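Undergrad: Structure file model27.cif, mmCIF, C-alpha atoms and all ligand atoms, is pasted below:
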data_run
#
loop_
_atom_site.label_atom_id
_atom_site.label_comp_id
_atom_site.auth_asym_id
_atom_site.auth_seq_id
_atom_site.Cartn_x
_atom_site.Cartn_y
_atom_site.Cartn_z
CA MET C 1357 -197.50 22.12 139.79
CA GLY C 1358 -197.94 22.11 135.99
CA LYS C 1359 -194.58 22.80 134.42
CA GLY C 1360 -194.33 26.31 132.98
CA THR C 1361 -197.72 27.24 134.40
CA ILE C 1362 -197.57 30.59 136.11
CA VAL C 1363 -199.60 33.73 136.76
CA ILE C 1364 -197.99 37.12 137.40
CA ARG C 1365 -200.44 39.50 139.05
CA ASN C 1366 -200.32 43.06 140.22
CA ILE C 1367 -198.17 44.31 137.34
CA GLY C 1368 -198.02 48.10 137.53
CA GLU C 1369 -196.99 48.46 133.89
CA LEU C 1370 -196.80 45.83 131.20
CA ALA C 1371 -194.80 47.07 128.19
CA THR C 1372 -194.21 44.95 125.09
CA PRO C 1373 -193.80 45.21 121.36
CA VAL C 1374 -196.35 43.19 119.39
CA GLY C 1375 -196.13 40.95 116.38
CA ALA C 1376 -194.62 37.77 115.04
CA VAL C 1377 -192.17 39.50 112.72
CA ALA C 1378 -189.58 42.25 113.21
CA SER C 1379 -190.96 45.67 113.97
CA ARG C 1380 -189.63 48.19 111.45
CA GLY C 1381 -189.27 51.92 111.13
CA SER C 1382 -191.82 54.06 112.90
CA ALA C 1383 -193.62 50.95 114.23
CA MET C 1384 -190.67 50.27 116.55
CA LYS C 1385 -191.85 52.85 119.07
CA GLU C 1386 -195.42 51.48 119.16
CA LEU C 1387 -195.53 49.32 122.26
CA ARG C 1388 -198.55 47.85 123.89
CA VAL C 1389 -198.63 49.35 127.38
CA VAL C 1390 -201.13 48.14 129.99
CA GLN C 1391 -201.44 49.46 133.54
CA ASP C 1392 -202.62 47.03 136.21
CA ALA C 1393 -201.94 43.92 134.16
CA VAL C 1394 -201.71 40.15 134.50
CA VAL C 1395 -199.67 37.64 132.50
CA ALA C 1396 -200.56 33.96 132.59
CA ALA C 1397 -198.78 31.03 130.98
CA ARG C 1398 -199.41 27.32 130.66
CA GLY C 1399 -196.83 24.76 129.56
CA GLY C 1400 -194.27 27.53 129.05
CA ARG C 1401 -196.44 29.52 126.63
CA ILE C 1402 -198.33 32.73 127.29
CA ILE C 1403 -202.11 32.28 127.42
CA TYR C 1404 -202.96 35.80 128.57
CA ALA C 1405 -201.21 39.18 128.78
CA GLY C 1406 -203.44 42.17 129.43
CA PRO C 1407 -205.65 44.05 131.89
CA ALA C 1408 -206.20 42.39 135.26
CA ALA C 1409 -209.94 42.79 134.74
CA GLY C 1410 -209.96 40.40 131.77
CA ALA C 1411 -207.59 37.79 133.15
CA PRO C 1412 -208.70 34.15 133.01
CA ARG C 1413 -209.40 32.22 136.17
CA THR C 1414 -206.21 30.35 136.97
CA ASP C 1415 -205.74 26.69 137.74
CA HIS C 1416 -205.03 25.76 141.33
CA ASP C 1417 -201.77 24.06 140.30
CA CYS C 1418 -200.28 27.31 139.07
CA GLU C 1419 -197.26 29.20 140.42
CA ALA C 1420 -198.41 32.68 141.51
CA VAL C 1421 -196.06 35.66 141.49
CA ASP C 1422 -196.92 39.08 142.87
CA ALA C 1423 -195.18 41.81 140.84
CA ARG C 1424 -195.98 44.37 143.57
CA GLY C 1425 -196.85 47.12 141.15
CA ARG C 1426 -193.63 46.87 139.20
CA THR C 1427 -192.88 46.77 135.46
CA VAL C 1428 -192.96 43.67 133.27
CA VAL C 1429 -191.25 43.49 129.85
CA PRO C 1430 -190.24 40.57 127.59
CA GLY C 1431 -186.94 38.83 128.32
CA PHE C 1432 -184.03 40.42 126.46
CA VAL C 1433 -182.62 38.73 123.37
CA ASP C 1434 -178.88 39.28 122.97
CA SER C 1435 -178.50 38.39 119.30
CA HIS C 1436 -174.74 38.91 118.87
CA THR C 1437 -172.07 37.56 121.23
CA HIS C 1438 -168.74 35.75 121.15
CA PHE C 1439 -169.02 34.40 124.70
CA VAL C 1440 -167.02 31.16 124.28
CA PHE C 1441 -163.31 31.96 124.32
CA GLY C 1442 -160.07 31.20 126.14
CA GLY C 1443 -157.95 33.78 127.95
CA PHE C 1444 -158.31 37.54 128.16
CA ARG C 1445 -156.80 40.59 126.46
CA ASP C 1446 -156.77 43.12 129.26
CA ASP C 1447 -153.29 44.25 128.19
CA GLU C 1448 -154.61 45.21 124.75
CA PHE C 1449 -157.46 47.07 126.41
CA ALA C 1450 -154.87 49.18 128.21
CA TRP C 1451 -152.94 49.82 124.95
CA ARG C 1452 -156.11 50.89 123.20
CA ALA C 1453 -157.04 53.08 126.12
CA SER C 1454 -153.73 54.88 125.62
CA GLY C 1455 -154.43 55.34 121.91
CA VAL C 1456 -153.28 52.32 119.84
CA PRO C 1457 -155.98 51.56 117.20
CA TYR C 1458 -157.84 48.21 117.26
CA MET C 1459 -156.83 47.30 113.68
CA GLU C 1460 -153.18 48.07 114.34
CA ILE C 1461 -153.16 45.52 117.16
CA HIS C 1462 -155.02 43.06 114.91
CA GLU C 1463 -152.52 43.48 112.07
CA ARG C 1464 -149.58 42.92 114.48
CA GLY C 1465 -151.03 39.49 115.30
CA GLY C 1466 -152.73 40.63 118.50
CA GLY C 1467 -156.46 40.99 118.64
CA ILE C 1468 -158.50 38.04 117.46
CA GLY C 1469 -155.29 36.04 116.83
CA ARG C 1470 -154.41 36.19 120.54
CA SER C 1471 -157.79 34.81 121.53
CA VAL C 1472 -157.43 32.11 118.88
CA GLY C 1473 -154.16 31.00 120.50
CA ALA C 1474 -155.73 30.87 123.96
CA THR C 1475 -158.90 29.16 122.73
CA ARG C 1476 -156.96 26.47 120.88
CA LYS C 1477 -155.20 25.69 124.19
CA ALA C 1478 -158.42 25.62 126.22
CA SER C 1479 -160.07 22.27 126.97
CA LEU C 1480 -163.74 21.67 126.26
CA GLU C 1481 -164.37 21.64 130.00
CA LYS C 1482 -162.69 25.01 130.44
CA LEU C 1483 -164.70 26.55 127.59
CA VAL C 1484 -167.91 25.18 129.10
CA ASP C 1485 -167.07 26.40 132.61
CA THR C 1486 -166.15 29.94 131.57
CA GLY C 1487 -169.04 30.10 129.12
CA ARG C 1488 -171.46 29.04 131.86
CA GLU C 1489 -170.44 31.95 134.09
CA ARG C 1490 -171.11 34.39 131.24
CA LEU C 1491 -174.51 32.84 130.61
CA LYS C 1492 -175.44 33.10 134.29
CA ARG C 1493 -174.43 36.74 134.25
CA ALA C 1494 -176.52 37.27 131.12
CA LEU C 1495 -179.54 35.71 132.83
CA SER C 1496 -179.10 37.98 135.85
CA LEU C 1497 -179.22 40.93 133.42
CA GLY C 1498 -182.50 39.70 131.96
CA VAL C 1499 -181.24 37.89 128.87
CA THR C 1500 -183.46 34.88 128.15
CA THR C 1501 -182.17 34.09 124.63
CA MET C 1502 -178.58 34.58 123.53
CA GLU C 1503 -176.63 33.96 120.36
CA GLY C 1504 -173.02 32.77 120.53
CA LYS C 1505 -170.39 32.53 117.80
CA SER C 1506 -167.43 30.30 117.15
CA GLY C 1507 -164.51 32.01 115.41
CA TYR C 1508 -161.73 31.77 117.98
CA GLY C 1509 -160.63 28.38 116.66
CA LEU C 1510 -160.14 28.92 112.94
CA ASP C 1511 -159.15 25.27 112.61
CA LEU C 1512 -161.43 22.26 112.38
CA ASP C 1513 -160.94 20.93 115.92
CA THR C 1514 -161.23 24.20 117.79
CA GLU C 1515 -164.19 25.57 115.83
CA LEU C 1516 -166.02 22.31 116.57
CA ARG C 1517 -164.93 22.47 120.23
CA GLN C 1518 -166.40 25.95 120.61
CA LEU C 1519 -169.64 24.79 119.01
CA GLU C 1520 -169.65 21.65 121.17
CA ALA C 1521 -169.25 23.84 124.27
CA MET C 1522 -172.34 25.77 123.14
CA ARG C 1523 -174.25 22.55 122.52
CA ILE C 1524 -173.51 21.40 126.08
CA LEU C 1525 -174.43 24.81 127.51
CA GLY C 1526 -177.57 24.90 125.36
CA ASP C 1527 -178.65 21.61 126.93
CA GLU C 1528 -178.07 23.07 130.40
CA ASP C 1529 -180.66 25.66 129.34
CA ILE C 1530 -179.49 28.54 131.53
CA VAL C 1531 -180.68 30.80 128.73
CA ARG C 1532 -181.83 29.62 125.32
CA LEU C 1533 -178.73 29.51 123.11
CA VAL C 1534 -178.53 30.03 119.36
CA PRO C 1535 -175.18 28.89 117.93
CA THR C 1536 -173.44 30.56 114.99
CA PHE C 1537 -170.46 29.26 113.04
CA MET C 1538 -168.01 32.10 112.38
CA GLY C 1539 -165.28 30.35 110.40
CA LEU C 1540 -164.33 33.64 108.74
CA HIS C 1541 -163.46 35.72 111.78
CA ALA C 1542 -159.80 36.21 110.80
CA THR C 1543 -157.15 34.43 108.77
CA PRO C 1544 -155.20 32.23 111.21
CA LYS C 1545 -151.42 32.60 111.31
CA GLU C 1546 -150.75 29.28 109.55
CA TYR C 1547 -152.54 30.77 106.52
CA ALA C 1548 -150.88 34.21 106.76
CA GLY C 1549 -150.88 35.86 103.34
CA ARG C 1550 -153.11 33.06 101.97
CA THR C 1551 -156.58 34.24 102.88
CA ARG C 1552 -158.14 32.75 99.73
CA GLU C 1553 -156.82 29.31 100.60
CA TYR C 1554 -158.11 29.66 104.14
CA VAL C 1555 -161.56 30.50 102.78
CA ASP C 1556 -161.36 27.41 100.55
CA PHE C 1557 -160.44 25.30 103.59
CA VAL C 1558 -163.37 26.63 105.60
CA ILE C 1559 -165.83 26.08 102.75
CA GLY C 1560 -164.45 22.68 101.79
CA THR C 1561 -163.65 21.15 105.18
CA VAL C 1562 -165.04 22.96 108.21
CA LEU C 1563 -168.46 24.07 106.97
CA PRO C 1564 -169.54 20.56 105.83
CA GLU C 1565 -168.57 19.12 109.23
CA VAL C 1566 -170.45 21.84 111.09
CA LYS C 1567 -173.43 21.02 108.90
CA ARG C 1568 -173.06 17.26 109.44
CA GLN C 1569 -172.94 17.66 113.22
CA GLY C 1570 -175.89 20.06 113.24
CA VAL C 1571 -174.18 22.37 115.74
CA ALA C 1572 -174.93 25.79 114.23
CA VAL C 1573 -177.98 27.63 112.97
CA PHE C 1574 -176.27 30.69 111.45
CA CYS C 1575 -172.99 31.49 109.72
CA ASP C 1576 -171.18 34.78 110.16
CA VAL C 1577 -168.20 36.56 108.57
CA PHE C 1578 -166.07 39.57 109.53
CA THR C 1579 -166.40 41.47 106.23
CA GLU C 1580 -163.80 44.20 106.55
CA ARG C 1581 -160.88 45.75 104.68
CA ASN C 1582 -157.81 43.50 105.18
CA VAL C 1583 -159.87 40.86 106.98
CA PHE C 1584 -162.34 39.32 104.50
CA GLU C 1585 -163.09 41.46 101.46
CA LEU C 1586 -166.42 41.37 99.65
CA ASP C 1587 -165.52 38.64 97.15
CA ASP C 1588 -164.30 36.13 99.76
CA SER C 1589 -167.24 37.00 102.01
CA ARG C 1590 -169.72 36.44 99.16
CA ARG C 1591 -168.15 33.11 98.20
CA TYR C 1592 -168.39 31.89 101.79
CA LEU C 1593 -171.92 33.19 102.33
CA GLU C 1594 -173.11 31.51 99.14
CA ALA C 1595 -171.69 28.21 100.38
CA CYS C 1596 -173.33 28.70 103.79
CA ALA C 1597 -176.68 29.49 102.15
CA ARG C 1598 -176.41 26.35 100.00
CA GLU C 1599 -175.91 24.31 103.18
CA GLY C 1600 -179.10 25.83 104.60
CA PHE C 1601 -177.62 28.17 107.23
CA GLY C 1602 -179.04 31.60 107.98
CA LEU C 1603 -176.57 34.37 107.19
CA LYS C 1604 -175.07 37.11 109.35
CA LEU C 1605 -172.30 39.61 108.64
CA HIS C 1606 -170.03 41.85 110.65
CA ALA C 1607 -170.39 44.68 108.17
CA ASP C 1608 -168.89 48.13 107.68
CA GLU C 1609 -167.55 48.31 111.23
CA ILE C 1610 -164.20 50.01 110.67
CA GLU C 1611 -164.19 50.97 106.98
CA ARG C 1612 -167.01 51.42 104.51
CA ILE C 1613 -166.50 48.60 102.01
CA GLY C 1614 -170.12 47.75 101.27
CA GLY C 1615 -170.71 44.89 103.70
CA ALA C 1616 -174.23 46.16 104.42
CA GLY C 1617 -174.98 46.10 100.69
CA LEU C 1618 -173.68 42.54 100.50
CA ALA C 1619 -175.98 41.60 103.40
CA ALA C 1620 -178.93 42.96 101.39
CA GLU C 1621 -177.80 41.20 98.22
CA MET C 1622 -177.46 37.88 100.09
CA LYS C 1623 -180.75 38.38 101.98
CA ALA C 1624 -178.89 37.90 105.26
CA VAL C 1625 -180.96 37.67 108.43
CA SER C 1626 -178.88 40.47 109.97
CA ALA C 1627 -175.94 42.77 109.33
CA ASP C 1628 -174.15 43.87 112.47
CA HIS C 1629 -171.99 46.82 113.65
CA LEU C 1630 -172.71 49.15 110.64
CA LEU C 1631 -170.77 52.10 112.06
CA LYS C 1632 -169.69 53.13 108.55
CA ALA C 1633 -172.57 51.72 106.47
CA SER C 1634 -173.65 54.00 103.60
CA PRO C 1635 -177.17 55.45 103.44
CA GLY C 1636 -177.70 53.63 100.13
CA ASP C 1637 -176.80 50.29 101.68
CA ILE C 1638 -179.03 50.98 104.68
CA ALA C 1639 -181.92 51.59 102.26
CA ARG C 1640 -181.07 48.31 100.52
CA MET C 1641 -181.13 46.49 103.86
CA ALA C 1642 -184.53 47.97 104.66
CA ALA C 1643 -185.89 46.82 101.28
CA ALA C 1644 -184.40 43.33 101.71
CA GLY C 1645 -185.67 42.96 105.30
CA VAL C 1646 -182.21 42.55 106.82
CA VAL C 1647 -182.24 43.31 110.56
CA ALA C 1648 -179.79 46.15 111.26
CA THR C 1649 -178.00 45.18 114.45
CA CYS C 1650 -176.08 47.87 116.28
CA LEU C 1651 -173.59 47.07 119.03
CA PRO C 1652 -173.24 50.23 121.11
CA LEU C 1653 -170.93 48.71 123.72
CA THR C 1654 -168.29 48.00 121.08
CA ALA C 1655 -168.36 51.57 119.79
CA PHE C 1656 -168.17 52.72 123.41
CA VAL C 1657 -165.14 50.56 124.20
CA LEU C 1658 -163.39 51.39 120.91
CA ARG C 1659 -164.32 55.07 121.36
CA GLU C 1660 -165.79 55.20 117.87
CA PRO C 1661 -168.82 57.31 116.89
CA TYR C 1662 -172.00 55.30 117.43
CA ALA C 1663 -173.73 53.75 114.42
CA ASP C 1664 -176.47 55.95 113.01
CA ALA C 1665 -179.31 53.86 114.38
CA ARG C 1666 -181.71 56.82 114.11
CA SER C 1667 -181.32 56.96 110.32
CA MET C 1668 -181.62 53.18 110.09
CA ILE C 1669 -185.04 53.28 111.77
CA ASP C 1670 -186.06 56.38 109.80
CA SER C 1671 -185.09 54.53 106.60
CA GLY C 1672 -187.53 51.76 107.50
CA CYS C 1673 -185.08 49.20 108.92
CA ALA C 1674 -185.79 46.87 111.78
CA LEU C 1675 -183.14 47.75 114.35
CA ALA C 1676 -181.80 45.26 116.89
CA LEU C 1677 -179.35 46.07 119.67
CA ALA C 1678 -176.95 43.48 121.09
CA SER C 1679 -173.89 43.27 123.32
CA ASP C 1680 -171.11 41.82 121.09
CA LEU C 1681 -169.61 40.34 124.29
CA ASN C 1682 -166.08 39.23 123.33
CA PRO C 1683 -162.58 39.28 124.86
CA GLY C 1684 -161.28 42.08 122.64
CA SER C 1685 -163.33 44.92 121.21
CA CYS C 1686 -166.02 44.64 123.87
CA TYR C 1687 -165.62 42.73 127.10
CA SER C 1688 -169.03 43.77 128.33
CA GLN C 1689 -172.49 42.27 128.37
CA SER C 1690 -174.15 45.19 130.08
CA ILE C 1691 -177.72 45.45 128.84
CA PRO C 1692 -178.31 48.48 131.13
CA MET C 1693 -175.50 50.35 129.37
CA ILE C 1694 -177.05 49.56 125.99
CA PHE C 1695 -180.27 51.28 127.09
CA ALA C 1696 -178.37 54.25 128.48
CA ILE C 1697 -176.21 54.72 125.37
CA GLY C 1698 -179.16 54.10 123.05
CA VAL C 1699 -181.27 56.82 124.61
CA LEU C 1700 -178.56 59.30 125.61
CA TYR C 1701 -176.23 59.07 122.61
CA MET C 1702 -178.00 57.32 119.71
CA LYS C 1703 -181.20 59.37 119.57
CA LEU C 1704 -183.41 56.36 120.28
CA SER C 1705 -186.43 56.33 122.54
CA VAL C 1706 -186.64 53.83 125.37
CA GLU C 1707 -189.51 52.17 123.49
CA GLU C 1708 -187.33 51.71 120.40
CA CYS C 1709 -184.50 50.31 122.53
CA LEU C 1710 -186.91 47.87 124.16
CA THR C 1711 -188.18 46.65 120.78
CA ALA C 1712 -184.58 46.40 119.55
CA LEU C 1713 -183.59 44.23 122.53
CA THR C 1714 -186.65 41.96 122.46
CA LEU C 1715 -188.77 41.38 119.33
CA ASN C 1716 -186.12 42.57 116.87
CA GLY C 1717 -183.35 40.66 118.64
CA ALA C 1718 -185.55 37.59 118.26
CA ALA C 1719 -186.07 38.46 114.58
CA ALA C 1720 -182.29 38.65 114.13
CA LEU C 1721 -182.27 35.00 115.26
CA GLY C 1722 -185.27 33.93 113.20
CA LEU C 1723 -187.36 33.61 116.37
CA ALA C 1724 -189.80 36.52 116.16
CA GLY C 1725 -192.74 34.12 115.82
CA ASP C 1726 -191.74 32.36 119.01
CA SER C 1727 -190.50 34.98 121.44
CA GLY C 1728 -189.60 38.64 121.92
CA SER C 1729 -193.06 39.88 122.92
CA LEU C 1730 -195.69 39.11 125.51
CA GLU C 1731 -198.64 37.76 123.54
CA PRO C 1732 -200.66 34.55 123.66
CA GLY C 1733 -198.84 31.68 122.02
CA LYS C 1734 -195.38 33.08 122.56
CA ARG C 1735 -192.81 31.67 124.93
CA ALA C 1736 -193.34 32.94 128.48
CA ASP C 1737 -189.95 34.67 128.82
CA LEU C 1738 -190.35 37.86 130.84
CA LEU C 1739 -188.76 40.14 133.38
CA ILE C 1740 -190.07 41.86 136.47
CA LEU C 1741 -188.14 45.12 136.78
CA ASP C 1742 -187.57 46.96 140.02
CA ALA C 1743 -189.04 50.11 138.48
CA PRO C 1744 -192.42 51.84 138.26
CA GLY C 1745 -192.27 52.13 134.45
CA ARG C 1746 -190.24 51.30 131.34
CA ALA C 1747 -188.64 54.76 131.22
CA HIS C 1748 -186.41 53.71 134.10
CA LEU C 1749 -184.57 51.29 131.79
CA ALA C 1750 -182.59 54.30 130.52
CA TYR C 1751 -183.30 56.88 133.21
CA HIS C 1752 -181.82 54.73 136.02
CA SER C 1753 -178.71 54.74 133.87
CA GLY C 1754 -176.44 51.76 133.83
CA MET C 1755 -178.31 50.03 136.65
CA ASN C 1756 -179.53 46.46 136.49
CA LEU C 1757 -183.25 46.70 137.28
CA VAL C 1758 -183.96 43.01 136.77
CA GLU C 1759 -185.57 41.57 139.86
CA THR C 1760 -187.11 38.35 138.53
CA VAL C 1761 -186.56 36.42 135.31
CA VAL C 1762 -189.20 33.98 134.07
CA ARG C 1763 -188.16 31.57 131.31
CA ASN C 1764 -190.60 29.19 129.68
CA GLY C 1765 -193.13 30.04 132.37
CA THR C 1766 -190.77 29.16 135.24
CA VAL C 1767 -188.92 31.52 137.60
CA ALA C 1768 -185.29 31.15 136.51
CA PHE C 1769 -183.69 33.94 138.51
CA ARG C 1770 -184.60 36.06 141.53
CA ARG C 1771 -182.51 38.86 142.97
O1 LIG G 1 -167.56 41.84 116.73
N1 LIG G 1 -165.29 42.67 114.65
C1 LIG G 1 -164.90 41.51 114.73
N2 LIG G 1 -165.11 40.66 115.71
C2 LIG G 1 -165.42 41.00 117.04
C3 LIG G 1 -164.19 41.34 117.80
C4 LIG G 1 -163.52 40.16 118.24
C5 LIG G 1 -162.27 40.41 119.04
O2 LIG G 1 -161.75 41.53 119.12
O3 LIG G 1 -161.85 39.40 119.59
C6 LIG G 1 -166.44 42.11 117.09
O4 LIG G 1 -166.15 43.25 117.50
FE FE G 2 -168.95 40.57 116.91
#
Go through the file and emit its structure as structure tokens.
TA:
Amino acid sequence: MGKGTIVIRNIGELATPVGAVASRGSAMKELRVVQDAVVAARGGRIIYAGPAAGAPRTDHDCEAVDARGRTVVPGFVDSHTHFVFGGFRDDEFAWRASGVPYMEIHERGGGIGRSVGATRKASLEKLVDTGRERLKRALSLGVTTMEGKSGYGLDLDTELRQLEAMRILGDEDIVRLVPTFMGLHATPKEYAGRTREYVDFVIGTVLPEVKRQGVAVFCDVFTERNVFELDDSRRYLEACAREGFGLKLHADEIERIGGAGLAAEMKAVSADHLLKASPGDIARMAAAGVVATCLPLTAFVLREPYADARSMIDSGCALALASDLNPGSCYSQSIPMIFAIGVLYMKLSVEECLTALTLNGAAALGLAGDSGSLEPGKRADLLILDAPGRAHLAYHSGMNLVETVVRNGTVAFRR
């Protein structure tokens, strides 16, 4: 059978955003919806997606899948995760549940610092093994492309070990992986009180080695009061841009310090979290084409008000939604919960959520020309959902509807 050559027939509803760039503003709700559809792929790329009546005759050496009247959507793109880490912080979860604020735990040396300690102790093999389980779970939830960040090493060896774990897992190709270097996630304890010097160390020593080894595509920074202020963030991002990396920021999550504005100024690919971003900075992001990435599961776990995703879209931004899977602020990778929260609590339509988790997630990874929608020429990454229509993605709240995952034109998962 020709590799990546497949035909999916008897699709009750095909629902997909369209385009090779991020979908912005009011365009986000405009999906292409086809009843009684067929998708065909050859060599891992889509050659046809549309009405059954117009489908091409298929080669005899083609895998045939009967969707039995169900719904087909593009594979989900989870564009923001920290899935490679050692240890857990379930005790902190319990403290937070009883009322201790996230930043208070962070400032007492808990939080990210705890995971740094555990990750430094973890072997490469351990990081790969635990990471693999999280990737398999992501696949079973319909994720076909996933980003992963370093940032639990904060020293040369461990940052590189996290990135090496992602390189190994990327080669295993469970999902397509996009690696991000997050040298500025926190100031490690050996640099306590010397954040500036730590930033110098990252720029002067770690970043060039990450570049030399070719193990990251993006760079990210936790731009936050008492973590990395705007000036250190800018200095680091300028260095990352000079080295040719795409830029991402954790911006305006806990306090409004203008991280979203910095993302616009630096022409970052995305700015993420944005719970406290100002309307002016959101407008600047829209004008600069920065993908606004909201992480509803983190707000849910931290019991913070959700980011104002509605205004972001209404201001003309491209909105992406992602999990933020990490051992602290959000130990969840539940795509079904993202749909439920998006529609029930963030004033988004299911169509906007779908665009945010497919085409715009791809755009947040610089991949909108390659994946994130079901159109000829794009990668054949798609899901058959156990549902009669896309509305069920939110309506059947919190349930995993993914029945079959096709990656690169090959069935990668079946429930
Ligand atoms: O995206 N905000 C900063 N970083 C992560 C949290 C990491 C952690 O708590 O370990 C986030 O929420
Ligand atoms: Fe994050």
Undergrad: Find the smallest box with edges along x, y and z containing every listed atom of range 1614-1630 of chain C, then add 4 Å on each side and report centre and edge lengths in Å to one decimal, as lines of an AutoDock Vina configuration file.
TA:
center_x = -175.5
center_y = 43.4
center_z = 105.9
size_x = 18.8
size_y = 19.5
size_z = 23.4
Undergrad: As a quick test: using all atoms listed in the file, which residues lie no more than 8 Å away from ligand LIG 1 (chain G)? Give them as a ChimeraX atom specification.
TA: /C:1437-1438,1458,1467-1469,1471,1508,1541,1578,1606,1609,1629,1654,1680-1686
Undergrad: Can you measure CA of Ala1768 in chain C to CA of Ile1364 in chain C for me? One decimal in Å is fine.
TA: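 For CA of Ala1768 in chain C relative to CA of Ile1364 in chain C, the distance reads 14.1 Å.
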Undergrad: Distance cut-off 12 Å, centre (-169.0, 48.4, 105.5) in file coordinates, counting all atoms listed in the file: which residues qualify? Return them as a PyMOL selection string.
TA: chain C and resi 1578-1581+1583-1586+1605-1619+1627-1638+1663
Undergrad: Could you tell me, as a ChimeraX atom specification, which residues have any atom at most 6 Å from (-197.7, 27.6, 139.0), counting all atoms listed in the file?
TA: /C:1357,1361-1362,1417-1420
Undergrad: In Å, rounded to a single decimal, give me how far CA of Leu1519 in chain C is from CA of Gly1570 in chain C.
TA: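 Between these atoms lies a distance of 9.7 Å.
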Undergrad: Could you tell me how far CA of Asp1434 in chain C sits from CA of Val1699 in chain C, in Å to one decimal place?
TA: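 About the pair CA of Val1699 in chain C and CA of Asp1434 in chain C: they are 17.8 Å apart.
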Undergrad: Can you complete the atoms of range 1692-1697 of chain C to all heavy atoms and list them as a PDB file, in the frame of the given file?
TA:
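Once everything was written out, this is out38.pdb:
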ATOM      1  N   PRO C1692    -177.950  47.125 130.666  1.00  0.00           N
ATOM      2  CA  PRO C1692    -178.310  48.480 131.130  1.00  0.00           C
ATOM      3  C   PRO C1692    -177.533  49.583 130.403  1.00  0.00           C
ATOM      4  O   PRO C1692    -178.089  50.632 130.096  1.00  0.00           O
ATOM      5  CB  PRO C1692    -177.939  48.445 132.619  1.00  0.00           C
ATOM      6  CG  PRO C1692    -178.033  47.006 133.000  1.00  0.00           C
ATOM      7  CD  PRO C1692    -177.607  46.233 131.794  1.00  0.00           C
ATOM      8  N   MET C1693    -176.267  49.335 130.103  1.00  0.00           N
ATOM      9  CA  MET C1693    -175.500  50.350 129.370  1.00  0.00           C
ATOM     10  C   MET C1693    -176.016  50.522 127.948  1.00  0.00           C
ATOM     11  O   MET C1693    -175.942  51.606 127.376  1.00  0.00           O
ATOM     12  CB  MET C1693    -174.012  49.984 129.335  1.00  0.00           C
ATOM     13  CG  MET C1693    -173.256  50.542 130.516  1.00  0.00           C
ATOM     14  SD  MET C1693    -171.507  50.130 130.433  1.00  0.00           S
ATOM     15  CE  MET C1693    -170.944  51.118 129.070  1.00  0.00           C
ATOM     16  N   ILE C1694    -176.505  49.439 127.352  1.00  0.00           N
ATOM     17  CA  ILE C1694    -177.050  49.560 125.990  1.00  0.00           C
ATOM     18  C   ILE C1694    -178.245  50.516 125.999  1.00  0.00           C
ATOM     19  O   ILE C1694    -178.369  51.389 125.133  1.00  0.00           O
ATOM     20  CB  ILE C1694    -177.452  48.171 125.426  1.00  0.00           C
ATOM     21  CG1 ILE C1694    -176.213  47.276 125.288  1.00  0.00           C
ATOM     22  CG2 ILE C1694    -178.168  48.330 124.072  1.00  0.00           C
ATOM     23  CD1 ILE C1694    -176.508  45.858 124.804  1.00  0.00           C
ATOM     24  N   PHE C1695    -179.132  50.359 126.992  1.00  0.00           N
ATOM     25  CA  PHE C1695    -180.270  51.280 127.090  1.00  0.00           C
ATOM     26  C   PHE C1695    -179.792  52.719 127.285  1.00  0.00           C
ATOM     27  O   PHE C1695    -180.299  53.653 126.658  1.00  0.00           O
ATOM     28  CB  PHE C1695    -181.193  50.891 128.250  1.00  0.00           C
ATOM     29  CG  PHE C1695    -182.219  49.852 127.880  1.00  0.00           C
ATOM     30  CD1 PHE C1695    -182.021  48.515 128.195  1.00  0.00           C
ATOM     31  CD2 PHE C1695    -183.384  50.209 127.217  1.00  0.00           C
ATOM     32  CE1 PHE C1695    -182.965  47.560 127.845  1.00  0.00           C
ATOM     33  CE2 PHE C1695    -184.337  49.262 126.868  1.00  0.00           C
ATOM     34  CZ  PHE C1695    -184.121  47.929 127.185  1.00  0.00           C
ATOM     35  N   ALA C1696    -178.833  52.894 128.171  1.00  0.00           N
ATOM     36  CA  ALA C1696    -178.370  54.250 128.480  1.00  0.00           C
ATOM     37  C   ALA C1696    -177.745  54.899 127.244  1.00  0.00           C
ATOM     38  O   ALA C1696    -178.070  56.032 126.879  1.00  0.00           O
ATOM     39  CB  ALA C1696    -177.365  54.206 129.630  1.00  0.00           C
ATOM     40  N   ILE C1697    -176.868  54.157 126.555  1.00  0.00           N
ATOM     41  CA  ILE C1697    -176.210  54.720 125.370  1.00  0.00           C
ATOM     42  C   ILE C1697    -177.249  54.941 124.262  1.00  0.00           C
ATOM     43  O   ILE C1697    -177.239  55.969 123.581  1.00  0.00           O
ATOM     44  CB  ILE C1697    -175.077  53.800 124.879  1.00  0.00           C
ATOM     45  CG1 ILE C1697    -173.953  53.717 125.925  1.00  0.00           C
ATOM     46  CG2 ILE C1697    -174.521  54.296 123.539  1.00  0.00           C
ATOM     47  CD1 ILE C1697    -172.883  52.671 125.621  1.00  0.00           C
TER      48      ILE C1697
END
